[in-house]
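S.K.: Please find one structure pasted underneath; my questions will follow.
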Amino acid sequence: MLKCKTVWKKLAPLARASSTVCRQNVRRTGLTHGRLPAQVPSAHMSTGPTGGGRENQLYFFLVGAAGLGGGVYAYRTVKGDQTRYQERIDEISSRQQKFDTEKPDTASESEPPAVEATETEVVPEPEPQAELQAESVSVPEPEAEPSSEPLAEPLPEEPSPPVPVPDAEVEAPSETTEPPPVGESTPVSLKVPSHSPYLLIGGGTASFAAARSIRARDPGAKVLIVTDEPDLPYMRPPLSKELWFSDDPSVTETLRFKQWNGKERSIYFQPASFYINPEELEGAENGGVAVLTGRKVVHMDVRGNKVKLDDDTEISYDKCLIATGGVPRNLQVMERAGEEVMKRTTLFRKVEDFKSLDKVSRNIKSITIIGGGFLGSELACALGRRSNESGLEVIQMYPEKGNMGKVLPEYLSNWTTEKVKREGVKIISEALVKSVTFKDDKVEILLKDGRLVKTDHVVAAVGLEPNVDLAKSAGLEVDSDFGGFRVNAELQARSNIWVAGDAACFYDIRLGRRRVEHHDHAVVSGRLAGENMTGANKPYWHQSMFWSDLGPDVGYEAIGIVDSSLPTVGVFAKATSKDTPRAATEKSGTGIRSESETEDTAVSPVASPTPAPSVEQHRDDYGKGVIFYLRDKVVVGIILWNVFNRMPIARKIIKDGEEHADLNEVATLFNIHED
């Protein structure tokens, strides 16, 4: 029956056309022979049969050819339809058999998740085999696309969770000790959002700042953060500062610490309850922020607006932020030293590095820190204080003459070196590593001047390499001078791709193209990128600051270009008990000083009425002060030494870009001579 019906559909148009042509020819022939037989000369009459036989022969020939051609076409079409019909019948029958055989297994797998079992008992959970089973379940509509049904069915099950609290200002309460289990559970999850309107690559400070900024401007936004770390977003500064001074023996588990002002908090920006599960993101009515931990983006398709994860999962996006940060550098001689040396080497960056180094430092007798910058000096002071209790030998070596020699002027670098020594650290300056070997259960570091250092463990704190692994697949430009993704003033690398944090190489309207590796820059650039992702189109003009604390009593904040190779002018005064990091955090209420500083702006600073003395050159008394860094007689950098909550003033001075005849007078704007 099906075959006859198909043939009739194919031949019906031909039959109707043939009958129409026939009627027209008959009418034409009848009219011709009926009206004009007497008017045609006999010489012009046809000798053939009456009625124009040649025309009839031509007509029958054309009709026959058309009929033959139509028959051949109909035969081939019917034959092809028959083959396709049989294949479709076989496919449907095989699916039904496969569903019948797999149904018991699926039922047994769906038993453990009791929460979902109460919602639906007929359709199996849309987990690993949901896409295959959805076709067979929807057998009443075999014409439907199999990919559309599975996606539509899980969504009604997901709006049930409570509305997330991403807009609430949570100050990381005690629940924040739970993130590690959340991070571990995500890789086990079998459903990853196939699309995210806002995709943030990287789980650091910049990504979190961007997520909050996006949600502030677009309350219903759905934001997905993808990070290769197992932890939820956290702040890195305490890893080398406050956590080491904690008296809690379980600090490596709780990751909670007391700030210099005595208040306790967690390193995590927000507790786990702040986020929603990645599986629930697509169906969240009010949007939210989800974190996909333990996954790494390995490929980026800019034209297709999608990324590929290390497990071959693909996620499409509307707008994307790259905030991949950086990876710690290592010395080449260390990398060539062999496996035994690398086992006893820490490249300090993440939570795991803090936990590992804390454990190692409690079970060895000697540890050596290579590097005299911010991180190396902070770790040296932190471990030095521990050495007074445990007898741990702490050695710090660097190629400069003094501590922080690349940043501080020589006189202040020498003072800082003595400060670090008083913390119990053995300093080896002007140290250039020639070779590293492992011998007699010790790591032996041979310097180029012949000095030999034997130690149990090494910490390499020699800088950061921006993570630009995605540049090749994405076709993004990497700056050849500073490294990092090259972006415009709005932090854009492409029309719908932004970069923030350590990985961004941006143009500073005052100081030229730069790349900054500090917490405050990550906060501000991430926040601005989030605003621009929601249509703000703001340029990056902010002068980010950074700070470092050598314990609770000595700290400094800096802004701009602080390079010891530049000419400097320092103005110092006698410090009081209020001029310490501890006092600064008590006043601001937070241990991360940039959180309060970046919100302020300086307006018409008023100088202190106290007369300004001449530039201080105290031999050994640098209690507090201001150091100006000059380029072409213009201030391009400022360090506030034990002077806090004055950063907006320093930022305005650099922004103005003016020459100052008397920097001694400019220093009075910071009120350093007040008691």
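Identifiers in the structure tokens: chain A, B, ... in order shown; residue index from 1 per chain; ligand index from 1 in order shown.
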Can you list every residue in region 372-612 of chain A that DSSP puts in strand (DSSP E or B), as a PDB file with N, CA, C and O atoms, in the first residue's frame?
M.R.:
ATOM      1  N   GLU A 393      66.881  25.794  60.611  1.00  0.00           N
ATOM      2  CA  GLU A 393      67.819  26.729  59.993  1.00  0.00           C
ATOM      3  C   GLU A 393      67.195  27.279  58.704  1.00  0.00           C
ATOM      4  O   GLU A 393      66.835  26.527  57.804  1.00  0.00           O
ATOM      5  N   VAL A 394      67.060  28.609  58.640  1.00  0.00           N
ATOM      6  CA  VAL A 394      66.463  29.262  57.475  1.00  0.00           C
ATOM      7  C   VAL A 394      67.531  30.110  56.789  1.00  0.00           C
ATOM      8  O   VAL A 394      68.134  30.992  57.406  1.00  0.00           O
ATOM      9  N   ILE A 395      67.746  29.824  55.516  1.00  0.00           N
ATOM     10  CA  ILE A 395      68.748  30.540  54.722  1.00  0.00           C
ATOM     11  C   ILE A 395      68.042  31.245  53.566  1.00  0.00           C
ATOM     12  O   ILE A 395      67.194  30.651  52.899  1.00  0.00           O
ATOM     13  N   GLN A 396      68.381  32.498  53.339  1.00  0.00           N
ATOM     14  CA  GLN A 396      67.868  33.221  52.186  1.00  0.00           C
ATOM     15  C   GLN A 396      69.045  33.723  51.357  1.00  0.00           C
ATOM     16  O   GLN A 396      69.933  34.404  51.870  1.00  0.00           O
ATOM     17  N   MET A 397      69.028  33.390  50.066  1.00  0.00           N
ATOM     18  CA  MET A 397      70.097  33.842  49.172  1.00  0.00           C
ATOM     19  C   MET A 397      69.502  34.539  47.957  1.00  0.00           C
ATOM     20  O   MET A 397      68.408  34.198  47.501  1.00  0.00           O
ATOM     21  N   VAL A 425      67.005  34.662  60.254  1.00  0.00           N
ATOM     22  CA  VAL A 425      67.321  34.186  58.906  1.00  0.00           C
ATOM     23  C   VAL A 425      68.794  34.451  58.605  1.00  0.00           C
ATOM     24  O   VAL A 425      69.307  35.551  58.857  1.00  0.00           O
ATOM     25  N   LYS A 426      69.455  33.439  58.042  1.00  0.00           N
ATOM     26  CA  LYS A 426      70.837  33.588  57.596  1.00  0.00           C
ATOM     27  C   LYS A 426      70.833  34.101  56.157  1.00  0.00           C
ATOM     28  O   LYS A 426      70.254  33.482  55.274  1.00  0.00           O
ATOM     29  N   ILE A 427      71.458  35.252  55.921  1.00  0.00           N
ATOM     30  CA  ILE A 427      71.433  35.898  54.616  1.00  0.00           C
ATOM     31  C   ILE A 427      72.726  35.605  53.847  1.00  0.00           C
ATOM     32  O   ILE A 427      73.828  35.733  54.392  1.00  0.00           O
ATOM     33  N   ILE A 428      72.581  35.215  52.594  1.00  0.00           N
ATOM     34  CA  ILE A 428      73.718  35.048  51.681  1.00  0.00           C
ATOM     35  C   ILE A 428      73.437  35.942  50.475  1.00  0.00           C
ATOM     36  O   ILE A 428      72.642  35.593  49.612  1.00  0.00           O
ATOM     37  N   VAL A 433      73.783  31.119  41.588  1.00  0.00           N
ATOM     38  CA  VAL A 433      73.825  29.657  41.641  1.00  0.00           C
ATOM     39  C   VAL A 433      74.509  29.116  40.380  1.00  0.00           C
ATOM     40  O   VAL A 433      74.134  29.446  39.252  1.00  0.00           O
ATOM     41  N   LYS A 434      75.502  28.270  40.605  1.00  0.00           N
ATOM     42  CA  LYS A 434      76.224  27.642  39.490  1.00  0.00           C
ATOM     43  C   LYS A 434      75.699  26.247  39.198  1.00  0.00           C
ATOM     44  O   LYS A 434      75.468  25.879  38.044  1.00  0.00           O
ATOM     45  N   SER A 435      75.497  25.463  40.240  1.00  0.00           N
ATOM     46  CA  SER A 435      74.997  24.100  40.057  1.00  0.00           C
ATOM     47  C   SER A 435      74.299  23.641  41.321  1.00  0.00           C
ATOM     48  O   SER A 435      74.531  24.172  42.410  1.00  0.00           O
ATOM     49  N   VAL A 436      73.430  22.647  41.157  1.00  0.00           N
ATOM     50  CA  VAL A 436      72.699  22.063  42.280  1.00  0.00           C
ATOM     51  C   VAL A 436      72.758  20.552  42.147  1.00  0.00           C
ATOM     52  O   VAL A 436      72.473  20.006  41.078  1.00  0.00           O
ATOM     53  N   THR A 437      73.125  19.871  43.216  1.00  0.00           N
ATOM     54  CA  THR A 437      73.217  18.410  43.203  1.00  0.00           C
ATOM     55  C   THR A 437      72.598  17.854  44.475  1.00  0.00           C
ATOM     56  O   THR A 437      72.364  18.584  45.453  1.00  0.00           O
ATOM     57  N   PHE A 438      72.351  16.555  44.455  1.00  0.00           N
ATOM     58  CA  PHE A 438      71.834  15.858  45.640  1.00  0.00           C
ATOM     59  C   PHE A 438      72.878  14.839  46.076  1.00  0.00           C
ATOM     60  O   PHE A 438      73.245  13.934  45.321  1.00  0.00           O
ATOM     61  N   LYS A 439      73.355  15.000  47.306  1.00  0.00           N
ATOM     62  CA  LYS A 439      74.433  14.145  47.797  1.00  0.00           C
ATOM     63  C   LYS A 439      74.281  13.951  49.297  1.00  0.00           C
ATOM     64  O   LYS A 439      74.078  14.913  50.042  1.00  0.00           O
ATOM     65  N   LYS A 442      71.344  15.417  51.129  1.00  0.00           N
ATOM     66  CA  LYS A 442      71.336  16.872  51.194  1.00  0.00           C
ATOM     67  C   LYS A 442      71.330  17.457  49.786  1.00  0.00           C
ATOM     68  O   LYS A 442      71.895  16.883  48.857  1.00  0.00           O
ATOM     69  N   VAL A 443      70.693  18.605  49.661  1.00  0.00           N
ATOM     70  CA  VAL A 443      70.763  19.367  48.413  1.00  0.00           C
ATOM     71  C   VAL A 443      71.939  20.331  48.536  1.00  0.00           C
ATOM     72  O   VAL A 443      71.972  21.171  49.440  1.00  0.00           O
ATOM     73  N   GLU A 444      72.891  20.181  47.636  1.00  0.00           N
ATOM     74  CA  GLU A 444      74.090  21.019  47.670  1.00  0.00           C
ATOM     75  C   GLU A 444      74.004  22.078  46.571  1.00  0.00           C
ATOM     76  O   GLU A 444      73.885  21.761  45.386  1.00  0.00           O
ATOM     77  N   ILE A 445      74.062  23.347  46.996  1.00  0.00           N
ATOM     78  CA  ILE A 445      73.984  24.475  46.075  1.00  0.00           C
ATOM     79  C   ILE A 445      75.365  25.115  45.977  1.00  0.00           C
ATOM     80  O   ILE A 445      75.865  25.685  46.950  1.00  0.00           O
ATOM     81  N   LEU A 446      75.973  25.014  44.803  1.00  0.00           N
ATOM     82  CA  LEU A 446      77.302  25.590  44.580  1.00  0.00           C
ATOM     83  C   LEU A 446      77.141  26.943  43.898  1.00  0.00           C
ATOM     84  O   LEU A 446      76.519  27.051  42.844  1.00  0.00           O
ATOM     85  N   LEU A 447      77.702  27.978  44.533  1.00  0.00           N
ATOM     86  CA  LEU A 447      77.631  29.322  43.969  1.00  0.00           C
ATOM     87  C   LEU A 447      78.826  29.580  43.058  1.00  0.00           C
ATOM     88  O   LEU A 447      79.847  28.881  43.124  1.00  0.00           O
ATOM     89  N   LEU A 452      79.538  27.003  49.070  1.00  0.00           N
ATOM     90  CA  LEU A 452      78.696  25.812  48.992  1.00  0.00           C
ATOM     91  C   LEU A 452      77.684  25.842  50.134  1.00  0.00           C
ATOM     92  O   LEU A 452      78.050  26.024  51.298  1.00  0.00           O
ATOM     93  N   VAL A 453      76.424  25.640  49.784  1.00  0.00           N
ATOM     94  CA  VAL A 453      75.344  25.635  50.770  1.00  0.00           C
ATOM     95  C   VAL A 453      74.687  24.264  50.749  1.00  0.00           C
ATOM     96  O   VAL A 453      74.262  23.785  49.696  1.00  0.00           O
ATOM     97  N   LYS A 454      74.610  23.633  51.930  1.00  0.00           N
ATOM     98  CA  LYS A 454      73.941  22.343  52.059  1.00  0.00           C
ATOM     99  C   LYS A 454      72.629  22.548  52.809  1.00  0.00           C
ATOM    100  O   LYS A 454      72.602  23.188  53.864  1.00  0.00           O
ATOM    101  N   THR A 455      71.562  21.968  52.288  1.00  0.00           N
ATOM    102  CA  THR A 455      70.244  22.173  52.874  1.00  0.00           C
ATOM    103  C   THR A 455      69.364  20.961  52.629  1.00  0.00           C
ATOM    104  O   THR A 455      69.679  20.106  51.786  1.00  0.00           O
ATOM    105  N   HIS A 457      65.898  21.332  52.036  1.00  0.00           N
ATOM    106  CA  HIS A 457      64.799  21.683  51.130  1.00  0.00           C
ATOM    107  C   HIS A 457      65.060  23.071  50.545  1.00  0.00           C
ATOM    108  O   HIS A 457      65.695  23.918  51.183  1.00  0.00           O
ATOM    109  N   VAL A 458      64.542  23.292  49.331  1.00  0.00           N
ATOM    110  CA  VAL A 458      64.742  24.564  48.629  1.00  0.00           C
ATOM    111  C   VAL A 458      63.386  25.141  48.235  1.00  0.00           C
ATOM    112  O   VAL A 458      62.507  24.423  47.760  1.00  0.00           O
ATOM    113  N   VAL A 459      63.232  26.446  48.447  1.00  0.00           N
ATOM    114  CA  VAL A 459      62.066  27.179  47.958  1.00  0.00           C
ATOM    115  C   VAL A 459      62.556  28.160  46.899  1.00  0.00           C
ATOM    116  O   VAL A 459      63.371  29.047  47.196  1.00  0.00           O
ATOM    117  N   ALA A 460      62.074  28.005  45.672  1.00  0.00           N
ATOM    118  CA  ALA A 460      62.452  28.902  44.585  1.00  0.00           C
ATOM    119  C   ALA A 460      61.402  30.001  44.470  1.00  0.00           C
ATOM    120  O   ALA A 460      60.262  29.743  44.083  1.00  0.00           O
ATOM    121  N   LEU A 464      57.400  35.145  38.472  1.00  0.00           N
ATOM    122  CA  LEU A 464      56.202  34.512  37.932  1.00  0.00           C
ATOM    123  C   LEU A 464      56.210  34.616  36.414  1.00  0.00           C
ATOM    124  O   LEU A 464      56.582  35.638  35.853  1.00  0.00           O
ATOM    125  N   GLU A 465      55.794  33.535  35.768  1.00  0.00           N
ATOM    126  CA  GLU A 465      55.670  33.506  34.314  1.00  0.00           C
ATOM    127  C   GLU A 465      54.180  33.541  33.968  1.00  0.00           C
ATOM    128  O   GLU A 465      53.434  32.660  34.372  1.00  0.00           O
ATOM    129  N   PRO A 466      53.721  34.568  33.224  1.00  0.00           N
ATOM    130  CA  PRO A 466      52.286  34.630  32.897  1.00  0.00           C
ATOM    131  C   PRO A 466      51.842  33.418  32.094  1.00  0.00           C
ATOM    132  O   PRO A 466      52.550  32.966  31.188  1.00  0.00           O
ATOM    133  N   VAL A 478      50.617  37.941  22.255  1.00  0.00           N
ATOM    134  CA  VAL A 478      51.394  37.938  23.494  1.00  0.00           C
ATOM    135  C   VAL A 478      52.457  39.024  23.394  1.00  0.00           C
ATOM    136  O   VAL A 478      53.168  39.114  22.384  1.00  0.00           O
ATOM    137  N   PHE A 485      48.916  38.432  27.792  1.00  0.00           N
ATOM    138  CA  PHE A 485      48.055  38.742  26.658  1.00  0.00           C
ATOM    139  C   PHE A 485      47.988  40.258  26.467  1.00  0.00           C
ATOM    140  O   PHE A 485      47.681  40.990  27.402  1.00  0.00           O
ATOM    141  N   ARG A 486      48.234  40.693  25.264  1.00  0.00           N
ATOM    142  CA  ARG A 486      48.194  42.127  24.973  1.00  0.00           C
ATOM    143  C   ARG A 486      46.738  42.562  24.798  1.00  0.00           C
ATOM    144  O   ARG A 486      46.017  42.019  23.959  1.00  0.00           O
ATOM    145  N   GLN A 492      40.356  44.417  26.530  1.00  0.00           N
ATOM    146  CA  GLN A 492      39.848  43.493  25.523  1.00  0.00           C
ATOM    147  C   GLN A 492      40.988  42.951  24.670  1.00  0.00           C
ATOM    148  O   GLN A 492      41.859  43.695  24.223  1.00  0.00           O
ATOM    149  N   ALA A 493      40.925  41.642  24.426  1.00  0.00           N
ATOM    150  CA  ALA A 493      41.818  41.012  23.463  1.00  0.00           C
ATOM    151  C   ALA A 493      41.092  40.775  22.144  1.00  0.00           C
ATOM    152  O   ALA A 493      41.709  40.722  21.081  1.00  0.00           O
ATOM    153  N   ARG A 494      39.778  40.565  22.223  1.00  0.00           N
ATOM    154  CA  ARG A 494      38.885  40.453  21.074  1.00  0.00           C
ATOM    155  C   ARG A 494      37.567  41.132  21.454  1.00  0.00           C
ATOM    156  O   ARG A 494      37.398  41.560  22.596  1.00  0.00           O
ATOM    157  N   ILE A 497      36.185  38.943  24.222  1.00  0.00           N
ATOM    158  CA  ILE A 497      37.165  38.282  25.088  1.00  0.00           C
ATOM    159  C   ILE A 497      37.952  39.353  25.840  1.00  0.00           C
ATOM    160  O   ILE A 497      38.509  40.270  25.233  1.00  0.00           O
ATOM    161  N   TRP A 498      37.992  39.229  27.160  1.00  0.00           N
ATOM    162  CA  TRP A 498      38.726  40.159  28.009  1.00  0.00           C
ATOM    163  C   TRP A 498      39.815  39.390  28.768  1.00  0.00           C
ATOM    164  O   TRP A 498      39.738  38.170  28.930  1.00  0.00           O
ATOM    165  N   VAL A 499      40.822  40.111  29.245  1.00  0.00           N
ATOM    166  CA  VAL A 499      41.900  39.512  30.040  1.00  0.00           C
ATOM    167  C   VAL A 499      42.125  40.393  31.265  1.00  0.00           C
ATOM    168  O   VAL A 499      42.112  41.630  31.166  1.00  0.00           O
ATOM    169  N   ALA A 504      47.415  39.842  32.046  1.00  0.00           N
ATOM    170  CA  ALA A 504      47.056  40.955  31.164  1.00  0.00           C
ATOM    171  C   ALA A 504      48.211  41.932  31.029  1.00  0.00           C
ATOM    172  O   ALA A 504      48.764  42.402  32.027  1.00  0.00           O
ATOM    173  N   CYS A 505      48.575  42.247  29.798  1.00  0.00           N
ATOM    174  CA  CYS A 505      49.559  43.291  29.516  1.00  0.00           C
ATOM    175  C   CYS A 505      48.782  44.484  28.958  1.00  0.00           C
ATOM    176  O   CYS A 505      48.294  44.435  27.831  1.00  0.00           O
ATOM    177  N   PHE A 506      48.649  45.519  29.742  1.00  0.00           N
ATOM    178  CA  PHE A 506      47.772  46.634  29.420  1.00  0.00           C
ATOM    179  C   PHE A 506      48.585  47.914  29.207  1.00  0.00           C
ATOM    180  O   PHE A 506      49.763  47.990  29.550  1.00  0.00           O
ATOM    181  N   TYR A 507      47.919  48.913  28.657  1.00  0.00           N
ATOM    182  CA  TYR A 507      48.582  50.189  28.428  1.00  0.00           C
ATOM    183  C   TYR A 507      48.191  51.175  29.518  1.00  0.00           C
ATOM    184  O   TYR A 507      47.016  51.457  29.740  1.00  0.00           O
ATOM    185  N   ASP A 508      49.201  51.688  30.214  1.00  0.00           N
ATOM    186  CA  ASP A 508      49.010  52.682  31.263  1.00  0.00           C
ATOM    187  C   ASP A 508      49.196  54.065  30.641  1.00  0.00           C
ATOM    188  O   ASP A 508      50.247  54.355  30.066  1.00  0.00           O
ATOM    189  N   GLY A 512      52.966  53.976  30.463  1.00  0.00           N
ATOM    190  CA  GLY A 512      53.202  53.130  29.303  1.00  0.00           C
ATOM    191  C   GLY A 512      52.681  51.719  29.508  1.00  0.00           C
ATOM    192  O   GLY A 512      51.984  51.412  30.475  1.00  0.00           O
ATOM    193  N   ARG A 513      53.045  50.855  28.587  1.00  0.00           N
ATOM    194  CA  ARG A 513      52.561  49.468  28.654  1.00  0.00           C
ATOM    195  C   ARG A 513      53.209  48.755  29.828  1.00  0.00           C
ATOM    196  O   ARG A 513      54.422  48.823  30.038  1.00  0.00           O
ATOM    197  N   ARG A 514      52.379  47.996  30.572  1.00  0.00           N
ATOM    198  CA  ARG A 514      52.852  47.336  31.787  1.00  0.00           C
ATOM    199  C   ARG A 514      52.148  45.991  31.972  1.00  0.00           C
ATOM    200  O   ARG A 514      51.131  45.709  31.328  1.00  0.00           O
ATOM    201  N   MET A 545      48.029  49.373  43.499  1.00  0.00           N
ATOM    202  CA  MET A 545      49.031  49.379  44.560  1.00  0.00           C
ATOM    203  C   MET A 545      49.375  47.951  44.950  1.00  0.00           C
ATOM    204  O   MET A 545      48.691  46.997  44.571  1.00  0.00           O
ATOM    205  N   PHE A 546      50.447  47.795  45.691  1.00  0.00           N
ATOM    206  CA  PHE A 546      50.779  46.499  46.270  1.00  0.00           C
ATOM    207  C   PHE A 546      51.428  46.740  47.615  1.00  0.00           C
ATOM    208  O   PHE A 546      51.861  47.856  47.926  1.00  0.00           O
ATOM    209  N   TRP A 547      51.451  45.713  48.417  1.00  0.00           N
ATOM    210  CA  TRP A 547      52.005  45.860  49.752  1.00  0.00           C
ATOM    211  C   TRP A 547      52.739  44.596  50.158  1.00  0.00           C
ATOM    212  O   TRP A 547      52.541  43.521  49.596  1.00  0.00           O
ATOM    213  N   SER A 548      53.597  44.757  51.120  1.00  0.00           N
ATOM    214  CA  SER A 548      54.338  43.625  51.664  1.00  0.00           C
ATOM    215  C   SER A 548      54.567  43.875  53.143  1.00  0.00           C
ATOM    216  O   SER A 548      54.845  45.010  53.549  1.00  0.00           O
ATOM    217  N   ASP A 549      54.428  42.834  53.943  1.00  0.00           N
ATOM    218  CA  ASP A 549      54.633  42.929  55.386  1.00  0.00           C
ATOM    219  C   ASP A 549      55.760  41.994  55.797  1.00  0.00           C
ATOM    220  O   ASP A 549      55.758  40.805  55.455  1.00  0.00           O
ATOM    221  N   GLY A 555      55.831  47.140  57.501  1.00  0.00           N
ATOM    222  CA  GLY A 555      55.154  46.903  56.242  1.00  0.00           C
ATOM    223  C   GLY A 555      55.232  48.131  55.355  1.00  0.00           C
ATOM    224  O   GLY A 555      55.511  49.236  55.824  1.00  0.00           O
ATOM    225  N   TYR A 556      55.001  47.936  54.094  1.00  0.00           N
ATOM    226  CA  TYR A 556      55.018  49.074  53.183  1.00  0.00           C
ATOM    227  C   TYR A 556      54.027  48.849  52.062  1.00  0.00           C
ATOM    228  O   TYR A 556      53.686  47.719  51.719  1.00  0.00           O
ATOM    229  N   GLU A 557      53.548  49.964  51.518  1.00  0.00           N
ATOM    230  CA  GLU A 557      52.647  49.952  50.374  1.00  0.00           C
ATOM    231  C   GLU A 557      53.308  50.735  49.248  1.00  0.00           C
ATOM    232  O   GLU A 557      54.003  51.726  49.500  1.00  0.00           O
ATOM    233  N   ALA A 558      53.105  50.300  48.016  1.00  0.00           N
ATOM    234  CA  ALA A 558      53.784  50.928  46.886  1.00  0.00           C
ATOM    235  C   ALA A 558      52.821  51.079  45.725  1.00  0.00           C
ATOM    236  O   ALA A 558      51.828  50.361  45.607  1.00  0.00           O
ATOM    237  N   ILE A 559      53.152  52.029  44.853  1.00  0.00           N
ATOM    238  CA  ILE A 559      52.339  52.281  43.669  1.00  0.00           C
ATOM    239  C   ILE A 559      53.242  52.803  42.563  1.00  0.00           C
ATOM    240  O   ILE A 559      54.251  53.465  42.826  1.00  0.00           O
ATOM    241  N   GLY A 560      52.879  52.476  41.323  1.00  0.00           N
ATOM    242  CA  GLY A 560      53.649  52.951  40.190  1.00  0.00           C
ATOM    243  C   GLY A 560      54.883  52.105  39.936  1.00  0.00           C
ATOM    244  O   GLY A 560      54.955  50.928  40.290  1.00  0.00           O
ATOM    245  N   THR A 568      65.909  58.268  43.570  1.00  0.00           N
ATOM    246  CA  THR A 568      64.905  58.282  44.634  1.00  0.00           C
ATOM    247  C   THR A 568      65.166  59.415  45.610  1.00  0.00           C
ATOM    248  O   THR A 568      66.306  59.862  45.788  1.00  0.00           O
ATOM    249  N   VAL A 569      64.102  59.858  46.239  1.00  0.00           N
ATOM    250  CA  VAL A 569      64.177  60.827  47.329  1.00  0.00           C
ATOM    251  C   VAL A 569      63.330  60.292  48.460  1.00  0.00           C
ATOM    252  O   VAL A 569      62.142  60.006  48.280  1.00  0.00           O
ATOM    253  N   GLY A 570      63.930  60.129  49.641  1.00  0.00           N
ATOM    254  CA  GLY A 570      63.216  59.590  50.787  1.00  0.00           C
ATOM    255  C   GLY A 570      63.052  60.614  51.890  1.00  0.00           C
ATOM    256  O   GLY A 570      63.986  61.350  52.217  1.00  0.00           O
ATOM    257  N   VAL A 571      61.864  60.686  52.447  1.00  0.00           N
ATOM    258  CA  VAL A 571      61.572  61.581  53.566  1.00  0.00           C
ATOM    259  C   VAL A 571      61.042  60.719  54.704  1.00  0.00           C
ATOM    260  O   VAL A 571      60.023  60.030  54.547  1.00  0.00           O
ATOM    261  N   PHE A 572      61.725  60.736  55.841  1.00  0.00           N
ATOM    262  CA  PHE A 572      61.381  59.840  56.941  1.00  0.00           C
ATOM    263  C   PHE A 572      61.078  60.619  58.208  1.00  0.00           C
ATOM    264  O   PHE A 572      61.489  61.769  58.383  1.00  0.00           O
ATOM    265  N   ALA A 573      60.358  59.969  59.109  1.00  0.00           N
ATOM    266  CA  ALA A 573      60.024  60.539  60.407  1.00  0.00           C
ATOM    267  C   ALA A 573      60.032  59.418  61.439  1.00  0.00           C
ATOM    268  O   ALA A 573      60.090  58.235  61.099  1.00  0.00           O
TER     269      ALA A 573
END
S.K.: What lies within 10 Å of Trp541 (chain A) using only C-alpha atoms, ignoring chain neighbours under 5 positions off, as a PyMOL selection string?
M.R.: chain A and resi 489-490+507-510+525+655
S.K.: For CA of Leu528 (chain A) and CA of Ser194 (chain A), determine how far apart the two atoms are, in Å to one decimal place.
M.R.: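 Straight-line distance from CA of Leu528 (chain A) to CA of Ser194 (chain A) works out to 26.4 Å.
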